[in-house]
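Engineer: I am sharing work-v1.cif, which consists of mmCIF, C-alpha atoms:
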```cif
data_query
loop_
_atom_site.label_atom_id
_atom_site.label_comp_id
_atom_site.auth_asym_id
_atom_site.auth_seq_id
_atom_site.Cartn_x
_atom_site.Cartn_y
_atom_site.Cartn_z
CA MET A 1 -8.72 -34.09 49.43
CA SER A 2 -4.93 -33.62 49.37
CA LYS A 3 -3.44 -31.09 46.97
CA ARG A 4 -1.56 -32.42 43.97
CA ASP A 5 2.11 -31.73 43.48
CA TYR A 6 2.53 -28.50 41.50
CA TYR A 7 5.11 -30.08 39.19
CA ASP A 8 2.71 -32.91 38.41
CA VAL A 9 -0.06 -30.39 37.76
CA LEU A 10 2.03 -28.72 35.06
CA GLY A 11 3.45 -32.01 33.79
CA VAL A 12 7.11 -31.09 34.39
CA SER A 13 9.92 -32.56 36.49
CA LYS A 14 11.12 -31.01 39.75
CA GLY A 15 14.38 -29.95 38.15
CA ALA A 16 12.59 -28.14 35.30
CA SER A 17 13.92 -24.76 34.17
CA ALA A 18 11.85 -21.58 34.12
CA ASP A 19 11.29 -21.99 30.36
CA GLU A 20 10.19 -25.60 30.78
CA ILE A 21 7.77 -24.58 33.55
CA LYS A 22 6.35 -21.83 31.34
CA LYS A 23 5.94 -24.19 28.37
CA GLY A 24 4.24 -26.75 30.59
CA TYR A 25 1.86 -24.12 31.91
CA ARG A 26 0.99 -22.81 28.46
CA LYS A 27 0.25 -26.33 27.29
CA LYS A 28 -2.02 -27.01 30.27
CA ALA A 29 -3.72 -23.62 29.98
CA LYS A 30 -4.65 -24.27 26.36
CA GLU A 31 -5.77 -27.79 27.18
CA LEU A 32 -7.88 -26.89 30.25
CA HIS A 33 -9.26 -23.44 29.39
CA PRO A 34 -13.00 -23.42 30.29
CA ASP A 35 -13.94 -21.90 26.94
CA ARG A 36 -12.58 -25.01 25.23
CA ASN A 37 -14.17 -27.44 27.68
CA ALA A 38 -17.75 -26.32 27.99
CA ASP A 39 -18.89 -29.94 28.42
CA ASN A 40 -16.36 -30.74 31.17
CA PRO A 41 -17.55 -29.58 34.63
CA ASP A 42 -14.06 -30.16 36.12
CA ALA A 43 -12.24 -27.98 33.56
CA GLU A 44 -12.57 -24.73 35.51
CA ASN A 45 -11.15 -26.24 38.73
CA LEU A 46 -8.29 -27.88 36.83
CA PHE A 47 -7.59 -24.59 35.05
CA LYS A 48 -7.46 -22.79 38.43
CA GLU A 49 -5.18 -25.51 39.78
CA ALA A 50 -2.76 -24.97 36.86
CA ASN A 51 -2.81 -21.20 37.45
CA GLU A 52 -2.13 -21.76 41.15
CA ALA A 53 0.81 -24.03 40.38
CA TYR A 54 2.30 -21.64 37.85
CA ASP A 55 1.83 -18.66 40.20
CA VAL A 56 4.13 -20.41 42.68
CA LEU A 57 6.68 -22.04 40.38
CA LYS A 58 7.29 -18.98 38.20
CA ASP A 59 8.41 -16.98 41.27
CA PRO A 60 11.98 -17.96 42.32
CA GLU A 61 11.35 -17.26 46.04
CA LYS A 62 8.04 -19.09 46.16
CA LYS A 63 9.51 -21.95 44.15
CA ALA A 64 12.42 -22.28 46.60
CA ALA A 65 10.02 -22.34 49.55
CA TYR A 66 7.81 -24.91 47.83
CA ASP A 67 10.79 -27.13 46.93
CA ARG A 68 11.81 -27.10 50.62
CA PHE A 69 8.49 -27.28 52.47
CA GLY A 70 5.94 -28.33 49.83
CA HIS A 71 2.37 -27.04 50.24
CA ALA A 72 3.06 -26.38 53.92
CA ALA A 73 5.17 -23.40 52.89
CA PHE A 74 1.98 -21.45 52.20
CA GLU A 75 -0.15 -22.62 55.11
CA GLY A 76 -0.24 -21.16 58.61
CA GLY A 77 2.07 -18.24 57.79
CA MET A 78 5.10 -20.49 57.36
CA GLY A 79 8.23 -19.97 55.35
CA GLY A 80 7.78 -16.65 53.46
CA GLY A 81 5.20 -17.98 51.07
CA GLY A 82 3.40 -14.70 50.55
CA GLY A 83 0.71 -14.88 53.26
CA GLY A 84 -1.02 -18.04 52.01
CA ARG A 85 -1.95 -16.57 48.62
CA PRO A 86 -2.23 -19.83 46.74
CA GLY A 87 -2.78 -22.26 49.60
CA GLY A 88 -6.49 -22.58 50.43
CA GLY A 89 -7.71 -24.79 47.58
CA PHE A 90 -8.45 -22.08 44.99
CA GLN A 91 -7.53 -18.46 44.44
CA GLY A 92 -9.58 -15.44 45.26
CA GLN A 93 -11.12 -13.44 42.42
CA GLY A 94 -8.29 -10.90 42.29
CA ASP A 95 -5.57 -13.56 42.31
CA PHE A 96 -7.34 -15.61 39.65
CA ALA A 97 -7.77 -12.51 37.46
CA SER A 98 -4.04 -11.85 37.82
CA ALA A 99 -3.18 -15.39 36.82
CA PHE A 100 -5.61 -15.26 33.90
CA SER A 101 -3.96 -12.03 32.78
CA ASP A 102 -0.65 -13.93 32.72
CA VAL A 103 -2.07 -16.69 30.56
CA PHE A 104 -3.71 -14.13 28.28
CA ASP A 105 -0.34 -12.43 27.80
CA ASP A 106 1.43 -15.74 27.26
CA LEU A 107 -1.06 -17.13 24.79
CA PHE A 108 -2.20 -14.07 22.93
CA GLY A 109 0.31 -11.30 23.69
CA ASP A 110 2.33 -11.75 20.53
CA PHE A 111 -0.75 -12.07 18.33
CA MET A 112 -2.42 -8.99 19.82
CA GLY A 113 0.73 -6.89 19.53
CA GLY A 114 1.59 -7.06 23.22
CA ARG A 115 4.97 -7.61 24.79
CA GLN A 116 6.62 -5.05 22.58
CA GLY A 117 9.92 -3.53 23.50
CA GLY A 118 9.61 -1.47 26.68
CA GLY A 119 6.89 -3.60 28.26
CA GLY A 120 4.22 -3.02 25.62
CA ARG A 121 5.01 0.60 24.94
CA GLN A 122 4.43 1.67 21.37
CA ARG A 123 7.19 3.17 19.28
CA ALA A 124 7.08 6.87 18.53
CA ALA A 125 4.40 7.41 15.90
CA ARG A 126 5.63 7.28 12.29
CA GLY A 127 4.79 10.25 10.11
CA ALA A 128 2.07 9.98 7.48
CA ASP A 129 2.82 9.25 3.84
CA LEU A 130 2.12 12.10 1.42
CA ARG A 131 0.84 12.12 -2.16
CA TYR A 132 1.78 14.72 -4.76
CA ASN A 133 0.13 14.80 -8.20
CA LEU A 134 2.53 16.04 -10.88
CA ARG A 135 1.42 16.88 -14.43
CA VAL A 136 4.00 16.76 -17.19
CA THR A 137 3.88 17.23 -20.95
CA LEU A 138 4.40 14.37 -23.39
CA GLU A 139 7.70 15.97 -24.44
CA GLU A 140 8.84 16.00 -20.77
CA ALA A 141 7.79 12.36 -20.41
CA TYR A 142 9.86 11.58 -23.52
CA ASN A 143 13.00 13.40 -22.40
CA GLY A 144 12.75 13.08 -18.61
CA LEU A 145 13.42 16.09 -16.42
CA GLN A 146 14.64 17.39 -13.09
CA LYS A 147 11.82 19.34 -11.45
CA THR A 148 11.54 21.29 -8.20
CA ILE A 149 8.23 20.89 -6.37
CA ASN A 150 6.92 22.64 -3.26
CA VAL A 151 5.37 20.24 -0.76
CA PRO A 152 3.39 21.49 2.25
CA SER A 153 4.27 19.10 5.06
CA SER A 154 5.14 18.59 8.72
CA VAL A 155 8.85 18.79 9.48
CA GLN A 156 10.81 18.17 12.66
CA CYS A 157 10.71 21.09 15.07
CA ASP A 158 14.19 22.65 15.24
CA GLU A 159 13.41 24.29 18.60
CA CYS A 160 13.13 20.99 20.48
CA ASN A 161 14.89 18.70 17.94
CA GLY A 162 11.67 16.75 17.52
CA SER A 163 11.32 15.72 21.17
CA GLY A 164 8.28 17.92 21.80
CA ALA A 165 9.72 19.12 25.12
CA GLU A 166 10.88 22.65 25.86
CA GLY A 167 14.61 23.00 25.29
CA GLY A 168 14.86 19.51 23.85
CA ALA A 169 14.44 17.86 27.28
CA GLU A 170 13.75 14.14 27.39
CA PRO A 171 10.16 12.96 27.99
CA VAL A 172 9.40 11.35 31.37
CA THR A 173 7.77 8.02 32.13
CA CYS A 174 3.98 8.17 32.10
CA PRO A 175 2.69 7.92 35.72
CA THR A 176 -0.58 6.29 34.66
CA CYS A 177 0.86 3.22 32.93
CA SER A 178 4.42 3.32 34.37
CA GLY A 179 5.83 3.38 30.85
CA MET A 180 3.91 0.34 29.63
CA GLY A 181 1.73 2.30 27.22
CA LYS A 182 -1.25 0.20 28.33
CA VAL A 183 -3.49 -0.04 31.37
CA ARG A 184 -5.43 -3.02 32.69
CA ALA A 185 -8.81 -3.16 34.34
CA THR A 186 -10.29 -6.25 36.01
CA GLN A 187 -13.89 -6.92 35.06
CA GLY A 188 -15.04 -10.01 36.94
CA PHE A 189 -13.45 -13.07 35.39
CA PHE A 190 -11.54 -11.12 32.73
CA THR A 191 -8.75 -8.58 32.66
CA VAL A 192 -9.14 -5.99 29.89
CA GLU A 193 -6.08 -4.21 28.49
CA ARG A 194 -6.42 -0.80 26.84
CA THR A 195 -4.13 1.88 25.42
CA CYS A 196 -3.14 4.31 28.14
CA PRO A 197 -5.34 7.45 27.84
CA THR A 198 -2.67 9.71 29.34
CA CYS A 199 0.22 9.01 26.95
CA SER A 200 -1.76 7.51 24.03
CA GLY A 201 0.33 4.35 24.22
CA LEU A 202 3.76 6.03 24.00
CA GLY A 203 4.66 5.25 27.62
CA GLN A 204 6.05 8.77 28.04
CA ILE A 205 4.67 12.24 28.60
CA ILE A 206 6.07 15.73 28.24
CA LYS A 207 5.92 17.93 31.32
CA ASN A 208 6.88 21.19 29.58
CA PRO A 209 5.72 21.12 25.94
CA CYS A 210 7.76 23.03 23.39
CA SER A 211 6.23 26.47 22.81
CA LYS A 212 6.89 26.31 19.07
CA CYS A 213 5.34 22.94 18.25
CA GLY A 214 3.02 22.51 21.24
CA GLY A 215 4.58 19.19 22.21
CA GLN A 216 4.07 17.59 18.80
CA GLY A 217 7.75 17.57 17.88
CA ARG A 218 6.91 18.85 14.38
CA VAL A 219 5.70 22.02 12.68
CA GLN A 220 3.99 22.84 9.38
CA ARG A 221 6.28 24.10 6.63
CA GLU A 222 6.49 24.09 2.84
CA ARG A 223 9.54 22.29 1.50
CA ALA A 224 11.17 22.57 -1.90
CA LEU A 225 12.22 19.17 -3.24
CA SER A 226 14.15 18.36 -6.42
CA VAL A 227 12.58 15.37 -8.15
CA ASN A 228 14.14 13.34 -10.95
CA ILE A 229 11.45 12.29 -13.46
CA PRO A 230 12.87 9.48 -15.64
CA ALA A 231 12.22 9.32 -19.37
CA GLY A 232 9.33 7.07 -20.35
CA VAL A 233 6.96 7.82 -17.47
CA GLU A 234 3.26 7.60 -18.21
CA THR A 235 0.03 8.45 -16.46
CA GLY A 236 -0.19 6.44 -13.25
CA THR A 237 3.57 6.05 -12.77
CA ARG A 238 4.39 6.32 -9.05
CA ILE A 239 7.71 7.61 -7.76
CA ARG A 240 8.56 6.99 -4.08
CA LEU A 241 10.81 9.33 -2.13
CA ALA A 242 11.64 7.50 1.10
CA GLY A 243 11.62 9.65 4.25
CA GLU A 244 10.24 12.75 2.51
CA GLY A 245 6.73 12.48 3.97
CA GLU A 246 5.49 14.01 7.22
CA ALA A 247 7.81 14.03 10.22
CA GLY A 248 6.91 11.56 12.96
CA MET A 249 5.46 12.52 16.32
CA ARG A 250 8.07 13.26 18.99
CA GLY A 251 11.05 12.07 17.00
CA GLY A 252 9.28 9.21 15.23
CA PRO A 253 10.47 8.20 11.76
CA PRO A 254 9.14 10.23 8.81
CA GLY A 255 6.72 8.87 6.24
CA ASP A 256 7.33 8.65 2.52
CA LEU A 257 6.36 10.94 -0.35
CA TYR A 258 4.66 9.37 -3.37
CA ILE A 259 4.61 11.34 -6.62
CA PHE A 260 1.91 10.28 -9.07
CA ILE A 261 2.53 11.26 -12.70
CA ASP A 262 -0.21 12.54 -15.02
CA VAL A 263 0.88 13.05 -18.65
CA ARG A 264 -1.13 15.71 -20.50
CA LYS A 265 -2.82 14.91 -23.80
CA HIS A 266 -0.91 16.06 -26.86
CA GLU A 267 -2.41 17.95 -29.77
CA ILE A 268 -0.55 15.88 -32.39
CA PHE A 269 0.42 12.54 -30.88
CA GLU A 270 -1.68 9.93 -29.15
CA ARG A 271 0.11 7.51 -26.85
CA GLU A 272 -0.52 3.80 -26.32
CA GLY A 273 2.11 2.40 -23.99
CA ASN A 274 5.44 3.04 -25.70
CA GLU A 275 3.85 3.55 -29.11
CA LEU A 276 2.85 6.88 -30.61
CA HIS A 277 0.12 7.41 -33.20
CA CYS A 278 -0.16 10.39 -35.50
CA ARG A 279 -3.09 11.00 -37.88
CA VAL A 280 -1.86 12.81 -41.02
CA PRO A 281 -4.25 14.30 -43.61
CA VAL A 282 -3.25 13.89 -47.28
CA SER A 283 -4.89 15.26 -50.39
CA MET A 284 -6.85 13.13 -52.81
CA ALA A 285 -4.22 13.76 -55.48
CA THR A 286 -1.34 12.69 -53.21
CA ALA A 287 -3.21 9.60 -52.09
CA ALA A 288 -4.02 8.69 -55.70
CA LEU A 289 -0.71 9.55 -57.31
CA GLY A 290 1.63 8.90 -54.38
CA GLY A 291 4.26 11.27 -53.09
CA ASP A 292 6.37 12.30 -50.11
CA ILE A 293 5.21 14.07 -46.92
CA GLU A 294 7.01 15.31 -43.80
CA VAL A 295 5.71 14.31 -40.40
CA PRO A 296 6.82 15.57 -36.95
CA THR A 297 8.44 13.32 -34.35
CA ILE A 298 8.24 13.63 -30.56
CA ASP A 299 11.93 14.55 -30.28
CA GLY A 300 11.21 17.74 -32.22
CA GLY A 301 12.56 16.47 -35.52
CA ARG A 302 10.98 15.56 -38.86
CA SER A 303 10.72 12.33 -40.81
CA ARG A 304 10.05 12.03 -44.53
CA VAL A 305 7.41 9.41 -45.36
CA LYS A 306 6.70 8.03 -48.85
CA ILE A 307 2.99 7.67 -49.65
CA PRO A 308 2.31 4.79 -52.06
CA ALA A 309 0.03 5.55 -55.02
CA GLY A 310 -3.57 4.51 -54.41
CA SER A 311 -3.40 4.82 -50.62
CA GLN A 312 -6.73 4.79 -48.79
CA SER A 313 -7.84 6.46 -45.55
CA GLY A 314 -6.78 4.47 -42.50
CA ARG A 315 -3.63 3.11 -44.04
CA GLN A 316 -0.82 2.92 -41.47
CA MET A 317 2.93 3.20 -41.84
CA ARG A 318 5.49 2.45 -39.14
CA LEU A 319 8.47 4.56 -38.13
CA ARG A 320 10.61 2.23 -36.01
CA GLY A 321 12.15 3.60 -32.82
CA LYS A 322 10.30 6.92 -33.07
CA GLY A 323 7.92 6.20 -30.19
CA MET A 324 8.41 6.63 -26.42
CA PRO A 325 11.45 5.33 -24.54
CA ALA A 326 11.02 2.34 -22.23
CA LEU A 327 10.80 3.44 -18.58
CA ARG A 328 13.31 0.89 -17.31
CA GLY A 329 15.55 0.75 -20.35
CA GLY A 330 15.24 -1.37 -23.43
CA THR A 331 14.09 -0.65 -26.96
CA ALA A 332 12.03 2.46 -27.65
CA GLY A 333 8.55 2.08 -29.10
CA ASP A 334 7.47 2.84 -32.67
CA MET A 335 5.49 5.65 -34.22
CA PHE A 336 2.55 4.87 -36.52
CA ILE A 337 1.35 7.24 -39.24
CA GLU A 338 -2.33 6.90 -40.14
CA LEU A 339 -3.42 8.48 -43.41
CA ALA A 340 -6.63 10.46 -43.63
CA VAL A 341 -7.50 11.16 -47.29
CA GLU A 342 -9.10 14.59 -47.32
CA THR A 343 -12.02 15.56 -49.53
CA PRO A 344 -11.61 19.10 -50.92
CA VAL A 345 -14.20 21.73 -50.05
CA ASN A 346 -15.17 25.16 -51.43
CA LEU A 347 -14.40 24.11 -55.04
CA THR A 348 -14.24 26.62 -57.90
CA SER A 349 -16.27 26.10 -61.07
CA ARG A 350 -13.19 24.91 -62.92
CA GLN A 351 -12.34 22.39 -60.17
CA LYS A 352 -15.87 21.06 -60.22
CA GLU A 353 -15.73 20.72 -64.01
CA LEU A 354 -12.45 18.81 -63.82
CA LEU A 355 -13.77 16.50 -61.09
CA ARG A 356 -16.91 15.68 -63.13
CA GLU A 357 -14.74 14.90 -66.11
CA PHE A 358 -12.51 12.77 -63.91
CA GLU A 359 -15.55 10.94 -62.50
CA GLU A 360 -16.74 10.04 -66.00
CA LEU A 361 -13.33 8.60 -66.82
CA SER A 362 -12.74 6.76 -63.53
CA GLU A 363 -15.22 3.87 -63.65
CA ASP A 364 -12.44 1.31 -63.54
CA ASN A 365 -10.27 3.24 -61.08
CA ASN A 366 -12.35 2.61 -57.94
CA PRO A 367 -12.07 -1.14 -57.25
CA GLU A 368 -13.65 -0.98 -53.80
CA SER A 369 -16.71 0.90 -55.07
CA HIS A 370 -17.04 -1.44 -58.05
CA SER A 371 -16.92 -4.50 -55.79
CA PHE A 372 -19.40 -3.05 -53.28
CA PHE A 373 -22.06 -2.03 -55.78
CA SER A 374 -21.66 -5.31 -57.66
CA SER A 375 -22.49 -7.09 -54.39
CA VAL A 376 -25.46 -4.77 -53.84
CA ARG A 377 -26.89 -5.61 -57.28
CA ASN A 378 -26.50 -9.33 -56.61
CA PHE A 379 -28.30 -8.88 -53.30
CA TRP A 380 -31.25 -7.10 -54.91
CA ASP A 381 -31.48 -9.72 -57.67
CA SER A 382 -31.57 -12.52 -55.10
CA MET A 383 -34.34 -10.74 -53.18
CA LYS A 384 -36.43 -10.51 -56.37
CA GLY A 385 -35.91 -14.23 -57.03
#
```
Would you mind writing the file's structure down as structure tokens?

Structural biologist:
Amino acid sequence: MSKRDYYDVLGVSKGASADEIKKGYRKKAKELHPDRNADNPDAENLFKEANEAYDVLKDPEKKAAYDRFGHAAFEGGMGGGGGGRPGGGFQGQGDFASAFSDVFDDLFGDFMGGRQGGGGRQRAARGADLRYNLRVTLEEAYNGLQKTINVPSSVQCDECNGSGAEGGAEPVTCPTCSGMGKVRATQGFFTVERTCPTCSGLGQIIKNPCSKCGGQGRVQRERALSVNIPAGVETGTRIRLAGEGEAGMRGGPPGDLYIFIDVRKHEIFEREGNELHCRVPVSMATAALGGDIEVPTIDGGRSRVKIPAGSQSGRQMRLRGKGMPALRGGTAGDMFIELAVETPVNLTSRQKELLREFEELSEDNNPESHSFFSSVRNFWDSMKG
């Protein structure tokens, strides 16, 4: 059976460009791949035929020979066709594996991360990100502060300028992968691609490692960093310092430093977002008669608060703008005063006598108690009925 024209096999014209030939091949490879045509017994032969055609037409010298002599260019040792590689009807196992590797690269190289700059070689490894937990007081969170922290980290080796090589010499191309960063192994029908074990995918090795950093390009050192903590931060706030993480391997870019804020609990104020709450004890007399009290504010000042006569425990009063500042600007929160009416203890005999006398005279002065016990009596009466 005569061999089909290679251009017809790929569905392109004879004047097709290299890109058009490649696109035609990719289309045919997807269409004819045996894995997608399990029920078609001719798919494998057609797939091999497409590989054979592409193997010739992608090579400028082979393509020129084929355009001049046709299939005869690769038969009988004629015309520089590469020793009859593609000419005998189908390719040998090694040739087919090579062609399949090409289609694997074409179809899946971008998805799998192949075909990176430098023939698949990975970039120098980026340094790791670091986390630093910083505890601040509520007053510091209110005012903001500039704080110096000491961060143990990896920094660029100054002996080799981060190259990892003695004297700052340049790394050399890895002999195992020829700078590709990956090696291939043929296993029957498939070609498997793995990260190069010699250079760990970098495509380069260091012949004489730096004595100070051992070829890593970085050393361990504690750094002092000045950090600006803005006013209004709260527990869980994250501050990112770009490029202040660990140095990268062999001149790779550094990671970032993330500072996580933890605001300590305060002995007077309780925080809810931008609001502050303060529980203030008041005497029975002040709650009953009314009066003025002084309460602290987070800025270190004092505010005078008027207590209305007859105030009960739990009553709240608002001090506008006396809460926490907004982290990204805007109106500050409010402060809420919650009254806690305090029952006196350790009474003297005279105080007890006065309270008993007051109790006898205060039947109509406790509206909540009067209402509650009236409801209780009605409940008992209904149960009897």

Engineer: Just the residues within 12 Å of stretch 300-315 of chain A, please, counting only C-alpha atoms, with nothing from its chain fewer than 3 positions along; format it as a PyMOL selection string.

Structural biologist: chain A and resi 138-140+142-143+268+277-297+318-322+335-343+365-368

Engineer: Calculated over only C-alpha atoms, which of the candidates A:Met324, A:Glu353, A:Glu44, A:Gly333 has the smallest distance to A:Ala231?

Structural biologist: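 For A:Ala231, the nearest of the given residues is A:Met324.
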
Engineer: Assuming the chain letters and numbering stay as they are in my file, what does the PyMOL selection byres ((chain A and resi 326) around 12) actually select? List them as a list in words.

Structural biologist: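 Evaluating the PyMOL selection byres ((chain A and resi 326) around 12) on this file yields Ala141, Tyr142, Asn143, Gly144, Pro230, Ala231, Gly232, Val233, Glu234, Gly273, Asn274, Glu275, Gly321, Lys322, Gly323, Met324, Pro325, Leu327, Arg328, Gly329, Gly330, Thr331, Ala332, Gly333 and Asp334 of chain A.
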
Engineer: What does the distance from atom CA of A:Ala242 to atom CA of A:Glu159 come to in Å, to one decimal?

Structural biologist: 24.3 Å

Engineer: To one decimal in Å, tell me the separation between atom CA of A:Thr137 and atom CA of A:Leu257.

Structural biologist: 21.7 Å

Engineer: Taking only C-alpha atoms into account, name the residue in A:Pro209, A:Gly164, A:Gly15, A:Pro197 that is nearest to A:Gly248.

Structural biologist: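 Of the candidates, the smallest distance to A:Gly248 is held by A:Gly164.
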
Engineer: Find the spatial neighbours of A:Gly236, counting all atoms listed in the file, within a cut-off of 7 Å - ignore same-chain residues fewer than 4 positions away - and output them as a short mmCIF file (atom, residue, chain, number, x, y, z; two decimals) with C-alpha atoms, keeping the file's coordinate frame.

Structural biologist:
```
data_model
loop_
_atom_site.label_atom_id
_atom_site.label_comp_id
_atom_site.auth_asym_id
_atom_site.auth_seq_id
_atom_site.Cartn_x
_atom_site.Cartn_y
_atom_site.Cartn_z
CA PHE A 260 1.91 10.28 -9.07
CA ILE A 261 2.53 11.26 -12.70
CA ASP A 262 -0.21 12.54 -15.02
#
```

Engineer: Quick one: residues within 9 Å of A:Ser154, only C-alpha atoms counted, chain neighbours fewer than 3 positions away excluded, as a PDB file with C-alpha atoms, in the frame of the given file?

Structural biologist:
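Listing of selection-v3.pdb after writing:
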```
ATOM      1  CA  GLY A 127       4.790  10.250  10.110  1.00  0.00           C
ATOM      2  CA  CYS A 157      10.710  21.090  15.070  1.00  0.00           C
ATOM      3  CA  ARG A 218       6.910  18.850  14.380  1.00  0.00           C
ATOM      4  CA  VAL A 219       5.700  22.020  12.680  1.00  0.00           C
ATOM      5  CA  GLN A 220       3.990  22.840   9.380  1.00  0.00           C
ATOM      6  CA  ARG A 221       6.280  24.100   6.630  1.00  0.00           C
ATOM      7  CA  GLU A 222       6.490  24.090   2.840  1.00  0.00           C
ATOM      8  CA  GLY A 245       6.730  12.480   3.970  1.00  0.00           C
ATOM      9  CA  GLU A 246       5.490  14.010   7.220  1.00  0.00           C
ATOM     10  CA  ALA A 247       7.810  14.030  10.220  1.00  0.00           C
ATOM     11  CA  GLY A 248       6.910  11.560  12.960  1.00  0.00           C
TER      12      GLY A 248
END
```

Engineer: Evaluate the PyMOL selection byres ((chain A and resi 226) around 8) here and jot the selected residues down as number ranges by chain.

Structural biologist: A: 146-149, 224-225, 227-228

Engineer: With all atoms listed in the file as the counted atoms, please give the residues lying no more than 8 Å from stretch 168-174 of chain A, apart from itself and same-chain residues fewer than 5 positions off, as a list of chain:residue names.

Structural biologist: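 Surrounding residues, per the criterion: A:Glu159, A:Cys160, A:Asn161, A:Gly162, A:Ser163, A:Gly179, A:Gly181, A:Thr198, A:Cys199, A:Gly203, A:Gln204, A:Ile205, A:Ile206, A:Lys207, A:Cys210.
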
Engineer: Please compute the atom CA of A:Tyr7-atom CA of A:Asp35 distance, one decimal, in Å.

Structural biologist: 24.1 Å

Engineer: Extract, using all atoms listed in the file, all DNA, RNA and protein residues at most 9 Å from A:Glu193, discarding same-chain residues fewer than 4 positions from it, and format them as a list in words.

Structural biologist: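 So, after excluding close chain neighbours, the residues are Lys182, Val183, Arg184, Ala185 and Thr186 of chain A.
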
Engineer: Between A:Leu130, A:Ala50, A:Val155, A:Val345, which is the closest to A:Glu31 once you count all atoms listed in the file?

Structural biologist: A:Ala50

Engineer: Could you tell me which residues the PyMOL selection byres ((chain A and resi 32) around 9) returns for this structure, as a VMD selection string?

Structural biologist: chain A and resid 27 to 31 33 to 37 43 to 44 46 to 47 50

Engineer: What would the file be for stretch 217-232 of chain A if you keep N, CA and C atoms and write it as a PDB file, in the first residue's frame?

Structural biologist:
```pdb
ATOM      1  N   GLY A 217      23.858  29.775  49.409  1.00  0.00           N
ATOM      2  CA  GLY A 217      23.668  31.168  49.024  1.00  0.00           C
ATOM      3  C   GLY A 217      23.031  32.009  50.114  1.00  0.00           C
ATOM      4  N   ARG A 218      22.830  31.439  51.304  1.00  0.00           N
ATOM      5  CA  ARG A 218      22.216  32.158  52.417  1.00  0.00           C
ATOM      6  C   ARG A 218      22.708  31.590  53.729  1.00  0.00           C
ATOM      7  N   VAL A 219      22.673  32.408  54.767  1.00  0.00           N
ATOM      8  CA  VAL A 219      23.125  32.010  56.102  1.00  0.00           C
ATOM      9  C   VAL A 219      22.083  32.432  57.128  1.00  0.00           C
ATOM     10  N   GLN A 220      22.117  31.801  58.295  1.00  0.00           N
ATOM     11  CA  GLN A 220      21.191  32.127  59.375  1.00  0.00           C
ATOM     12  C   GLN A 220      21.685  33.348  60.147  1.00  0.00           C
ATOM     13  N   ARG A 221      20.771  34.279  60.387  1.00  0.00           N
ATOM     14  CA  ARG A 221      21.142  35.486  61.124  1.00  0.00           C
ATOM     15  C   ARG A 221      19.881  36.126  61.692  1.00  0.00           C
ATOM     16  N   GLU A 222      20.023  36.765  62.839  1.00  0.00           N
ATOM     17  CA  GLU A 222      18.902  37.493  63.435  1.00  0.00           C
ATOM     18  C   GLU A 222      18.935  38.936  62.957  1.00  0.00           C
ATOM     19  N   ARG A 223      17.783  39.401  62.453  1.00  0.00           N
ATOM     20  CA  ARG A 223      17.713  40.760  61.925  1.00  0.00           C
ATOM     21  C   ARG A 223      16.812  41.621  62.794  1.00  0.00           C
ATOM     22  N   ALA A 224      17.181  42.872  62.948  1.00  0.00           N
ATOM     23  CA  ALA A 224      16.349  43.837  63.662  1.00  0.00           C
ATOM     24  C   ALA A 224      15.560  44.642  62.633  1.00  0.00           C
ATOM     25  N   LEU A 225      14.237  44.592  62.744  1.00  0.00           N
ATOM     26  CA  LEU A 225      13.371  45.296  61.803  1.00  0.00           C
ATOM     27  C   LEU A 225      12.498  46.305  62.548  1.00  0.00           C
ATOM     28  N   SER A 226      12.329  47.471  61.978  1.00  0.00           N
ATOM     29  CA  SER A 226      11.441  48.485  62.544  1.00  0.00           C
ATOM     30  C   SER A 226      10.079  48.340  61.867  1.00  0.00           C
ATOM     31  N   VAL A 227       9.052  48.129  62.690  1.00  0.00           N
ATOM     32  CA  VAL A 227       7.714  47.859  62.176  1.00  0.00           C
ATOM     33  C   VAL A 227       6.774  48.974  62.613  1.00  0.00           C
ATOM     34  N   ASN A 228       5.992  49.478  61.685  1.00  0.00           N
ATOM     35  CA  ASN A 228       5.006  50.504  61.988  1.00  0.00           C
ATOM     36  C   ASN A 228       3.658  49.826  62.243  1.00  0.00           C
ATOM     37  N   ILE A 229       3.167  49.903  63.485  1.00  0.00           N
ATOM     38  CA  ILE A 229       1.881  49.325  63.855  1.00  0.00           C
ATOM     39  C   ILE A 229       0.849  50.447  63.834  1.00  0.00           C
ATOM     40  N   PRO A 230      -0.089  50.435  62.888  1.00  0.00           N
ATOM     41  CA  PRO A 230      -1.058  51.532  62.790  1.00  0.00           C
ATOM     42  C   PRO A 230      -2.071  51.500  63.918  1.00  0.00           C
ATOM     43  N   ALA A 231      -2.606  52.667  64.258  1.00  0.00           N
ATOM     44  CA  ALA A 231      -3.646  52.748  65.277  1.00  0.00           C
ATOM     45  C   ALA A 231      -4.897  52.019  64.804  1.00  0.00           C
ATOM     46  N   GLY A 232      -5.536  51.319  65.749  1.00  0.00           N
ATOM     47  CA  GLY A 232      -6.775  50.621  65.429  1.00  0.00           C
ATOM     48  C   GLY A 232      -6.616  49.144  65.166  1.00  0.00           C
TER      49      GLY A 232
END
```
